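Q: The structure's right below; bear with me while I get my questions together.
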Amino acid sequence: MVSGSHTRIIRALLIVCLLLTFASPLRSKKVSAQSAALVLISQETSTRAIAFDSATRQHEPFATSAPVKFGSDDQTRVMLFAMNLNLQPGDSVADVNVAAEDAAHNSYLLPVEFIGSVPDQPWATSIVVRLSDALKDVGDVLIGINYRGVTSNRVRLAIGHIGGGPPDDVGAQPTPGSASPRPLPAPNATAGNLGSSEVQTIISQAVSAALALNRNVTIAVTDREGNVLGVFVMTGAPATTTIRSVGLAGGGLESTVVPATIAAISKAGTGSLFSTSGNAFTTRTAGFIIQEHFPPGIDFRSGGPLYGVQFSSLPCSDIKKPALPLGLSGDPGGLPIYRDGMAVGGVGIEGDGVYTVDRDPSDFDQPFEELIAASAVRGFEPPVLIRADNILVDGIRLPYTNVINPLAPATLAFGSLPGVVPAAFPIRGAQVSAFVPAVVGGISGEVDTRFFPFVSGLVPVAGLTASDVQTVIEHAAQQANITRAAIRQPLGSNARVTIAVVDASGNLLGVFRQQDAPVFGFDVAVQKARTAAFYSSANAGTLLRSAGFGSYVDRALADGLKLDGSVAFTDRAAGFLHRPFFPDGINNTAAGPFSTSIGEWSPFNDGLQLDLIKTNLLAAIGGAAVPCTTISNLPNGIQIFPGSVPLYKNGVLVGAIGISGDGVDQDDLISAGGGNGYAPPVAIRSDQIFVRGVRLPFLKFPRSPNL
């Protein structure tokens with residue numbers, strides 16, 4: 001029997017997770033068991049089963065014994081969902097076989113106790129099976145059904161704990177409500193679907209709004225991955241802009257003068273790289289989450305959750321191509337571009353002569369650059385639900401834009417706009433994507449063929465093998481696929497992240513993006529992995545001294561930190577030491593050993609992170625082909641917000657995993673999931689160390705993280 005409450009949960013589960021992905025013929029046509037393949041339904045982006053405890057409605061992992069005895073025994077019953085399973089006259093549940101296989105390739109027959117159509121969804125069948133006591137705590141199993149000689153695909157189910165288990169069957173794909181899995185992006189697909197005519201329309205709308213405001217600006221448009229699709233410089237627009245926020249004039253990048261075109265490109269690219277089908281972020285959003293307090297201006301609050309992300313996707317990076325000339329921008333005036341609910345690009349406006357961040361979000365100012373950007377994306381807006389101002393982080397609503405009613409003047413024809421298209425940035429459509437589809441650990445995603453297939457570490461002794469890298473990335477991807485997202489709508493979505501693994505010297509061994517993970521995480525995940533490996537290495541202090549950064553080593557030594565491999569650092573720990581207040585967020589305290597003091601601090605002068613890259617970044621902006629730092633372990637710089645774990649084998653550092661894309665606590669959790677089995681010895685973890693009487697952090701997990 002299926003109770004009324006079960007009926008409601010089945011309806012809700014299937015309608016929310018599956019209904020929109022079914023083709024209409026499948027909703028109306030009833031098929032016999034022999035006329036079509038049996039299909040066990042998995043999650044949309046993985047081969048993990050859509051399943052729940054039929055009595056308690058709990059999701060996996062499932063215990064073999066139920067905590068409450070609902071019948072004559074206490075064995076757990078699990079409900080699965082299938083397509084094309086229709087019992088023929090005279091047949092019963094006894095004619096359907098369900099079997100599970102564990103990592104040791106043991107097979108378990110699971111008795112079938114109920115088969116029936118899902119209410120109001122005749123194309124779907126629910127199957128209730130009783131778990132075998134012999135399964136115990138085996139982790140992932142592959143489970144499949146057989147009826148009258150027809151065998152289904154096999155899906156993953158977690159018994160006792162999530163992870164491990166046998167590899168997916170060859171050719172296994174997610175089956176979101178269709179006998180044919182939803183196709184992945186085709187190889188050589190473009191990065192979004194903006195055409196040159198749409199680029200011209202967006203620029204024309206921007207220029208028309210600028211003229212209405214009597215402002216002359218530079219406009220840039222990028223595609224989904226940051227490729228520049230066009231720049232337009234209005235007649236009379238300032239040719240340069242000055243980096244300036246709150247720091248000491250001349251400190252770090254403060255007071256640096258740069259071309260206005262590259263500022264506009266970085267703004268546009270930020271809207272592109274930050275936004276997905278589940279969240280739409282702007283440069284105003286970015287500026288809100290990178291300052292010394294979160295929210296900005298509120299004392300005794302920790303630093304922004306993405307503190308330091310501005311120094312990623314840099315032109316000196318060996319990972320993100322194309323890059324953003326100034327990295328990610330926090331200067332209002334950059335918005336994402338959407339078509340049909342999908343993120344396809346970004347627009348950036350520069351014209352006030354200052355490249356900055358909003359230090360006082362409470363005043364709700366409306367700079368003309370943001371007004372023009374909002375007018376530019378008319379007709380290309382994101383769905384309201386996924387805008388940043390509908391996303392909360394630690395109970396704090398993120399900003400999207402301060403523009404409520406964009407200007408809507410008559411749009412001038414592109415050919416009559418006052419200004420020029422620089423020869424270096426002609427108008428064009430979306431470029432070929434840097435990513436191709438791939439499935440890792442049953443999870444759908446994308447890879448860059450420069451870093452795929454995964455490879456072994458370059459350390460010959462006790463290093464990571466290609467098999468190790470595969471295991472780490474698979475486990476991280478599987479954890480991400482069941483982790484509740486922090487910055488995606490609708491609520492209850494799973495995290496979408498980029499996963500990177502490096503060896504102990506920072507060499508990239510593999511990187512994998514889940515489908516629709518934000519592109520900014522591609523560079524950041526590698527930065528995080530390299531940072532954890534570097535700080536945990538035996539020669540970190542020596543390398544810093546050799547590169548001219550001995551003052552930071554001395555400051556760390558004064559706090560009892562030798563940077564000699566005696567401590568296993570995560571990014572959460574390294575970042576905690578890289579804040580202008582120590583402990584993080586506690587006003588009127590001295591800076592951490594890797595940060596500038598608060599009197600000199602700014603988002604453009606944050607300490608070691610910026611000092612490592614400053615010289616080469618400025619050279620790269622000028623066109624030089626140089627790595628971001630002179631330290632070979634850190635060719636794209638370091639990152640200083642959470643989401644990494646150093647990896648060890650037999651107590652020896654062999655590399656690190658970095659995660660980026662969907663909430664820093666989620667990134668920590670997924671890092672730990674990937675690094676399970678490669679964790680550092682407990683005695684050397686950073687949370688065993690005290691600095692100035694304060695225990696350093698190691699990892700922090702979100703409450704009730706799994707879906």
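FYI, nothing fancy with the structure tokens labels: chains A, B, ... in order, residues from 1 per chain, ligands from 1 as they appear.
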Could the residues of segment 93-180 of chain A that have an atom at most 8 Å from segment 435-441 of chain A be listed as CSV, each with its closest atom pair and the distance in Å to one decimal, counting only C-alpha atoms and ordered by chain and ascending residue number?

A:
residue,atom,partner,partner_atom,distance
A:Pro167,CA,A:Gly441,CA,7.1
A:Asp168,CA,A:Gly441,CA,6.8
A:Gln173,CA,A:Val439,CA,7.5

Q: Distance table requested - segment 308-339 of chain A against segment 402-415 of chain A, cut-off 12 Å, only C-alpha atoms: one row per qualifying residue with the closest atom pair and its distance in Å to one decimal, ordered by chain and rising residue number, as CSV.

A:
residue,atom,partner,partner_atom,distance
A:Pro332,CA,A:Asn402,CA,9.2
A:Gly333,CA,A:Asn402,CA,10.3
A:Leu335,CA,A:Val403,CA,11.3

Q: What lies within 8 Å of Ser302 of chain A using only C-alpha atoms, ignoring chain neighbours under 5 positions off, as a list in words?

A: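 Contacts, with the query itself left out: Glu292, His293, Phe294, Asp584, Gly585 and Ile586 of chain A.
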
Q: How would the residues just picked look written out with N, CA, C and O atoms as a compact mmCIF listing (two decimals), in the first residue's frame?

A:
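Result file result_11.txt:
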# COMPACT_ATOMS: atom_id res chain seq x y z
N GLU A 292 36.67 43.52 3.85
CA GLU A 292 37.19 43.05 5.13
C GLU A 292 36.11 42.65 6.11
O GLU A 292 36.40 41.95 7.10
N HIS A 293 34.87 43.09 5.88
CA HIS A 293 33.73 42.65 6.68
C HIS A 293 32.60 42.23 5.75
O HIS A 293 32.47 42.74 4.64
N PHE A 294 31.78 41.32 6.22
CA PHE A 294 30.60 40.89 5.46
C PHE A 294 29.38 40.94 6.39
O PHE A 294 29.34 40.20 7.37
N ASP A 584 39.92 36.78 12.37
CA ASP A 584 39.15 37.38 11.29
C ASP A 584 37.91 38.08 11.81
O ASP A 584 37.11 37.50 12.54
N GLY A 585 37.77 39.36 11.43
CA GLY A 585 36.57 40.11 11.75
C GLY A 585 36.57 40.81 13.08
O GLY A 585 35.65 41.57 13.38
N ILE A 586 37.59 40.58 13.91
CA ILE A 586 37.62 41.22 15.23
C ILE A 586 38.37 42.54 15.11
O ILE A 586 39.61 42.57 15.00

Q: What gap, in Å, lies between atom CA of Glu101 of chain A and atom CA of Ala134 of chain A?

A: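 Value for the atom CA of Glu101 of chain A-atom CA of Ala134 of chain A distance: 11.9 Å.
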
Q: When distances are computed from only C-alpha atoms, which of A:Lys136, A:Arg48, A:Asp564, A:Ala37 shows the smallest separation from Gln75 of chain A?

A: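 The shortest atom-to-atom distance to Gln75 of chain A comes from A:Lys136.
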
Q: Which residues of segment 283-375 of chain A come within 12 Å of segment 657-661 of chain A, and what is each one's closest atom pair and distance in Å (one decimal), counting only C-alpha atoms, sorted by chain and residue number, as a tab-separated table?

A:
residue	atom	partner	partner_atom	distance
A:Pro305	CA	A:Ser660	CA	11.8
A:Leu306	CA	A:Ser660	CA	10.1
A:Val309	CA	A:Ser660	CA	10.5
A:Ser312	CA	A:Ser660	CA	11.8

Q: Include all heavy atoms and write out the residues we just selected as a PDB file, in the first residue's frame.

A:
ATOM      1  N   PRO A 305      32.821  36.268   2.100  1.00  0.00           N
ATOM      2  CA  PRO A 305      32.998  34.839   1.825  1.00  0.00           C
ATOM      3  C   PRO A 305      33.933  34.554   0.651  1.00  0.00           C
ATOM      4  O   PRO A 305      34.565  33.494   0.611  1.00  0.00           O
ATOM      5  CB  PRO A 305      31.574  34.346   1.548  1.00  0.00           C
ATOM      6  CG  PRO A 305      30.774  35.567   1.268  1.00  0.00           C
ATOM      7  CD  PRO A 305      31.408  36.679   2.022  1.00  0.00           C
ATOM      8  N   LEU A 306      34.034  35.475  -0.304  1.00  0.00           N
ATOM      9  CA  LEU A 306      34.955  35.293  -1.424  1.00  0.00           C
ATOM     10  C   LEU A 306      36.102  36.303  -1.360  1.00  0.00           C
ATOM     11  O   LEU A 306      36.584  36.802  -2.379  1.00  0.00           O
ATOM     12  CB  LEU A 306      34.219  35.384  -2.755  1.00  0.00           C
ATOM     13  CG  LEU A 306      33.747  34.040  -3.333  1.00  0.00           C
ATOM     14  CD1 LEU A 306      32.745  33.368  -2.405  1.00  0.00           C
ATOM     15  CD2 LEU A 306      33.156  34.204  -4.717  1.00  0.00           C
ATOM     16  N   VAL A 309      38.928  36.756  -4.138  1.00  0.00           N
ATOM     17  CA  VAL A 309      38.599  36.199  -5.459  1.00  0.00           C
ATOM     18  C   VAL A 309      38.904  37.176  -6.581  1.00  0.00           C
ATOM     19  O   VAL A 309      39.032  36.779  -7.743  1.00  0.00           O
ATOM     20  CB  VAL A 309      37.112  35.769  -5.509  1.00  0.00           C
ATOM     21  CG1 VAL A 309      36.191  36.968  -5.667  1.00  0.00           C
ATOM     22  CG2 VAL A 309      36.870  34.766  -6.629  1.00  0.00           C
ATOM     23  N   SER A 312      41.850  36.480  -9.429  1.00  0.00           N
ATOM     24  CA  SER A 312      41.738  35.202 -10.137  1.00  0.00           C
ATOM     25  C   SER A 312      41.337  35.481 -11.575  1.00  0.00           C
ATOM     26  O   SER A 312      40.950  36.605 -11.922  1.00  0.00           O
ATOM     27  CB  SER A 312      40.714  34.286  -9.452  1.00  0.00           C
ATOM     28  OG  SER A 312      39.422  34.847  -9.493  1.00  0.00           O
TER      29      SER A 312
END

Q: Segment 629-644 of chain A: which residues within 6 Å, counting only C-alpha atoms, same-chain residues fewer than 3 positions away excluded, as a PyMOL selection string?

A: chain A and resi 306-308+317+505-506+527-529+531+570-572+575+612-613+657-659+664+667-668+671

Q: Pick the closest to Val420 of chain A from A:Val217, A:Ala212, A:Ile41, A:Ile159: which is it, counting only C-alpha atoms?

A: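 For Val420 of chain A, the nearest of the given residues is A:Val217.
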
Q: Skip segment 347-361 of chain A itself and residues of its chain fewer than 2 positions away, then list as a PyMOL selection string all residues within 8 Å of it, counting only C-alpha atoms.

A: chain A and resi 215-222+237-238+240-245+260-261+263-269+271+284+287-288+296-297+330-337+345+363-365+369-370+372-373+376-377

Q: Using C-alpha atoms, can you export the residues from the last selection as a short mmCIF file (atom, residue, chain, number, x, y, z; two decimals), in the first residue's frame?

A:
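What landed in selection.cif:
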data_model
loop_
_atom_site.label_atom_id
_atom_site.label_comp_id
_atom_site.auth_asym_id
_atom_site.auth_seq_id
_atom_site.Cartn_x
_atom_site.Cartn_y
_atom_site.Cartn_z
CA ARG A 215 27.91 60.61 -20.40
CA ASN A 216 30.64 59.21 -22.63
CA VAL A 217 31.67 55.68 -21.76
CA THR A 218 33.41 52.53 -22.95
CA ILE A 219 31.21 49.44 -23.35
CA ALA A 220 32.43 45.83 -23.46
CA VAL A 221 30.48 42.63 -24.12
CA THR A 222 31.79 39.13 -23.34
CA ALA A 237 35.05 58.72 -23.32
CA PRO A 238 37.98 58.74 -20.86
CA THR A 240 42.02 55.52 -18.79
CA THR A 241 40.76 54.77 -15.32
CA THR A 242 42.52 54.78 -11.93
CA ILE A 243 42.37 51.90 -9.48
CA ARG A 244 41.32 53.54 -6.23
CA SER A 245 39.31 52.47 -3.18
CA ALA A 260 39.40 52.04 -19.66
CA THR A 261 38.86 49.25 -22.20
CA ALA A 263 38.35 47.82 -16.97
CA ALA A 264 35.15 47.49 -19.03
CA ILE A 265 36.19 44.00 -20.18
CA SER A 266 36.86 42.84 -16.61
CA LYS A 267 33.45 44.15 -15.53
CA ALA A 268 31.69 42.38 -18.38
CA GLY A 269 33.64 39.17 -17.79
CA GLY A 271 29.08 39.13 -14.89
CA ARG A 284 28.10 44.93 -7.36
CA GLY A 287 32.25 43.89 -4.49
CA PHE A 288 29.92 43.00 -1.63
CA PRO A 296 30.73 45.70 4.16
CA GLY A 297 30.82 48.45 6.76
CA GLY A 330 33.90 44.59 -7.81
CA ASP A 331 33.22 47.95 -9.46
CA PRO A 332 29.46 48.47 -10.09
CA GLY A 333 28.70 48.63 -13.79
CA GLY A 334 29.01 45.00 -14.88
CA LEU A 335 25.87 42.86 -15.40
CA PRO A 336 25.27 39.35 -16.80
CA ILE A 337 23.42 38.75 -20.06
CA GLY A 345 27.55 36.66 -21.37
CA ASP A 363 23.45 54.45 0.65
CA PHE A 364 21.86 52.74 -2.38
CA ASP A 365 23.75 54.98 -4.79
CA GLU A 369 27.91 53.19 -15.14
CA GLU A 370 25.40 50.84 -13.50
CA ILE A 372 23.87 52.36 -18.42
CA ALA A 373 24.64 48.67 -17.91
CA ALA A 376 22.10 47.76 -22.03
CA VAL A 377 20.67 44.39 -20.92
#

Q: Taking the backbone alone, and naming residues the way the document does, which bits of segment 242-448 of chain A are helix (DSSP H, G or I) by DSSP, as a count of residues only?

A: 42

Q: Expressed in Å to a single decimal, how great is the separation between atom CA of Ser313 of chain A and atom CA of Met234 of chain A?

A: 27.3 Å

Q: How far is it from atom CA of Asp133 of chain A to atom CA of Ala104 of chain A, in Å with one decimal?

A: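 Those two atoms sit 16.5 Å apart.
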
Q: Between A:Ala172, A:Val455, A:Leu328, A:Met342, which is the closest to Ser152 of chain A once you count only C-alpha atoms?

A: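 Result for the nearest residue to Ser152 of chain A: A:Ala172.
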
Q: Under the rule that only C-alpha atoms are counted, which of A:Val511, A:Thr498, A:Arg77, A:Leu38 is the nearest residue to Thr56 of chain A?

A: A:Arg77

Q: List every residue of segment 450-648 of chain A that DSSP, applied to the backbone, labels as strand (DSSP E), and write the result as a list in words.

A: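 The residues of segment 450-648 of chain A classed as strand (DSSP E) are Thr498, Ile499, Ala500, Val501, Val502, Asp503, Leu508, Leu509, Gly510, Val511, Phe512, Arg513, Gln514, Ser644, Val645, Pro646, Leu647 and Tyr648 of chain A.
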
Q: Just all heavy atoms for this one: save the residues we selected as a short mmCIF file (atom, residue, chain, number, x, y, z; two decimals), in the first residue's frame.

A:
data_model
loop_
_atom_site.label_atom_id
_atom_site.label_comp_id
_atom_site.auth_asym_id
_atom_site.auth_seq_id
_atom_site.Cartn_x
_atom_site.Cartn_y
_atom_site.Cartn_z
N THR A 498 33.65 23.33 -9.61
CA THR A 498 34.83 22.85 -10.31
C THR A 498 35.74 22.17 -9.31
O THR A 498 35.92 22.65 -8.18
CB THR A 498 35.57 24.00 -11.00
OG1 THR A 498 34.73 24.59 -11.99
CG2 THR A 498 36.85 23.51 -11.67
N ILE A 499 36.32 21.05 -9.70
CA ILE A 499 37.17 20.23 -8.84
C ILE A 499 38.55 20.14 -9.50
O ILE A 499 38.66 19.77 -10.67
CB ILE A 499 36.59 18.81 -8.70
CG1 ILE A 499 35.16 18.87 -8.16
CG2 ILE A 499 37.47 17.94 -7.81
CD1 ILE A 499 34.32 17.66 -8.52
N ALA A 500 39.59 20.49 -8.74
CA ALA A 500 40.95 20.43 -9.28
C ALA A 500 41.84 19.65 -8.33
O ALA A 500 41.71 19.75 -7.11
CB ALA A 500 41.52 21.84 -9.47
N VAL A 501 42.77 18.89 -8.88
CA VAL A 501 43.76 18.15 -8.09
C VAL A 501 45.14 18.50 -8.63
O VAL A 501 45.37 18.47 -9.85
CB VAL A 501 43.52 16.63 -8.16
CG1 VAL A 501 44.66 15.87 -7.46
CG2 VAL A 501 42.19 16.26 -7.53
N VAL A 502 46.07 18.82 -7.72
CA VAL A 502 47.45 19.11 -8.09
C VAL A 502 48.37 18.19 -7.31
O VAL A 502 47.98 17.59 -6.29
CB VAL A 502 47.83 20.58 -7.80
CG1 VAL A 502 46.92 21.53 -8.56
CG2 VAL A 502 47.78 20.88 -6.30
N ASP A 503 49.62 18.07 -7.76
CA ASP A 503 50.59 17.32 -6.98
C ASP A 503 51.26 18.25 -5.97
O ASP A 503 50.90 19.43 -5.86
CB ASP A 503 51.59 16.58 -7.88
CG ASP A 503 52.55 17.50 -8.62
OD1 ASP A 503 52.64 18.70 -8.30
OD2 ASP A 503 53.24 17.01 -9.54
N LEU A 508 49.16 20.67 -12.19
CA LEU A 508 47.76 20.29 -12.31
C LEU A 508 47.63 18.89 -12.89
O LEU A 508 48.13 18.62 -13.99
CB LEU A 508 47.00 21.30 -13.18
CG LEU A 508 45.50 21.06 -13.32
CD1 LEU A 508 44.80 21.04 -11.97
CD2 LEU A 508 44.88 22.14 -14.22
N LEU A 509 46.94 18.01 -12.17
CA LEU A 509 46.78 16.61 -12.58
C LEU A 509 45.40 16.34 -13.17
O LEU A 509 45.22 15.35 -13.89
CB LEU A 509 47.02 15.68 -11.39
CG LEU A 509 48.32 15.89 -10.63
CD1 LEU A 509 48.46 14.86 -9.51
CD2 LEU A 509 49.52 15.86 -11.56
N GLY A 510 44.44 17.17 -12.84
CA GLY A 510 43.09 16.97 -13.37
C GLY A 510 42.16 18.04 -12.87
O GLY A 510 42.29 18.53 -11.74
N VAL A 511 41.21 18.42 -13.72
CA VAL A 511 40.20 19.41 -13.33
C VAL A 511 38.91 19.05 -14.04
O VAL A 511 38.91 18.66 -15.21
CB VAL A 511 40.67 20.84 -13.64
CG1 VAL A 511 40.92 21.05 -15.12
CG2 VAL A 511 39.66 21.88 -13.12
N PHE A 512 37.79 19.17 -13.32
CA PHE A 512 36.48 18.74 -13.82
C PHE A 512 35.43 19.73 -13.34
O PHE A 512 35.41 20.10 -12.16
CB PHE A 512 36.15 17.34 -13.31
CG PHE A 512 34.78 16.85 -13.64
CD1 PHE A 512 34.44 16.50 -14.94
CD2 PHE A 512 33.79 16.72 -12.65
CE1 PHE A 512 33.17 16.04 -15.26
CE2 PHE A 512 32.52 16.27 -12.95
CZ PHE A 512 32.21 15.93 -14.26
N ARG A 513 34.56 20.17 -14.26
CA ARG A 513 33.46 21.07 -13.92
C ARG A 513 32.14 20.32 -14.04
O ARG A 513 31.87 19.69 -15.06
CB ARG A 513 33.39 22.27 -14.88
CG ARG A 513 34.49 23.26 -14.79
CD ARG A 513 34.30 24.38 -15.82
NE ARG A 513 33.06 25.10 -15.62
CZ ARG A 513 32.12 25.25 -16.53
NH1 ARG A 513 32.24 24.68 -17.73
NH2 ARG A 513 31.02 25.93 -16.26
N GLN A 514 31.32 20.40 -13.00
CA GLN A 514 29.95 19.93 -13.16
C GLN A 514 29.24 20.82 -14.16
O GLN A 514 29.60 21.99 -14.34
CB GLN A 514 29.21 19.97 -11.82
CG GLN A 514 29.64 18.94 -10.81
CD GLN A 514 28.96 19.21 -9.48
OE1 GLN A 514 29.41 20.04 -8.71
NE2 GLN A 514 27.87 18.50 -9.23
N SER A 644 39.65 23.84 0.10
CA SER A 644 40.74 22.96 -0.32
C SER A 644 41.18 22.10 0.84
O SER A 644 40.95 22.42 2.01
CB SER A 644 41.93 23.77 -0.84
OG SER A 644 42.55 24.49 0.21
N VAL A 645 41.86 21.00 0.51
CA VAL A 645 42.44 20.08 1.49
C VAL A 645 43.75 19.55 0.92
O VAL A 645 43.77 19.11 -0.24
CB VAL A 645 41.49 18.89 1.80
CG1 VAL A 645 42.16 17.90 2.74
CG2 VAL A 645 40.19 19.37 2.41
N PRO A 646 44.84 19.55 1.69
CA PRO A 646 46.05 18.89 1.22
C PRO A 646 45.87 17.38 1.25
O PRO A 646 45.15 16.85 2.11
CB PRO A 646 47.12 19.35 2.22
CG PRO A 646 46.36 19.65 3.47
CD PRO A 646 45.01 20.15 3.02
N LEU A 647 46.49 16.67 0.34
CA LEU A 647 46.34 15.23 0.21
C LEU A 647 47.64 14.53 0.62
O LEU A 647 48.74 14.96 0.25
CB LEU A 647 45.99 14.85 -1.23
CG LEU A 647 44.74 15.51 -1.82
CD1 LEU A 647 44.58 15.14 -3.29
CD2 LEU A 647 43.50 15.13 -1.04
N TYR A 648 47.48 13.44 1.38
CA TYR A 648 48.63 12.70 1.90
C TYR A 648 48.47 11.21 1.60
O TYR A 648 47.35 10.69 1.56
CB TYR A 648 48.74 12.88 3.42
CG TYR A 648 49.19 14.27 3.84
CD1 TYR A 648 48.33 15.37 3.74
CD2 TYR A 648 50.47 14.48 4.33
CE1 TYR A 648 48.74 16.64 4.10
CE2 TYR A 648 50.88 15.76 4.72
CZ TYR A 648 50.02 16.82 4.60
OH TYR A 648 50.42 18.08 4.97
#

Q: Taking only C-alpha atoms into account, which of A:Phe569, A:Phe451, A:Phe522, A:Phe698 comes nearest Ser536 of chain A?

A: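 Residue with the minimum atom-to-atom distance to Ser536 of chain A: A:Phe569.
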
Q: Which is closest to Phe52 of chain A among A:Val98, A:Ile262, A:Leu211, A:Leu707, if we use only C-alpha atoms?

A: A:Leu707

Q: Taking 2 positions as the minimum chain separation for residues in the same chain, which residues sit within 12 Å of Pro383 of chain A when counting only C-alpha atoms? Answer as a ChimeraX atom specification.

A: /A:275-281,336-343,379-381,385-390,489-490
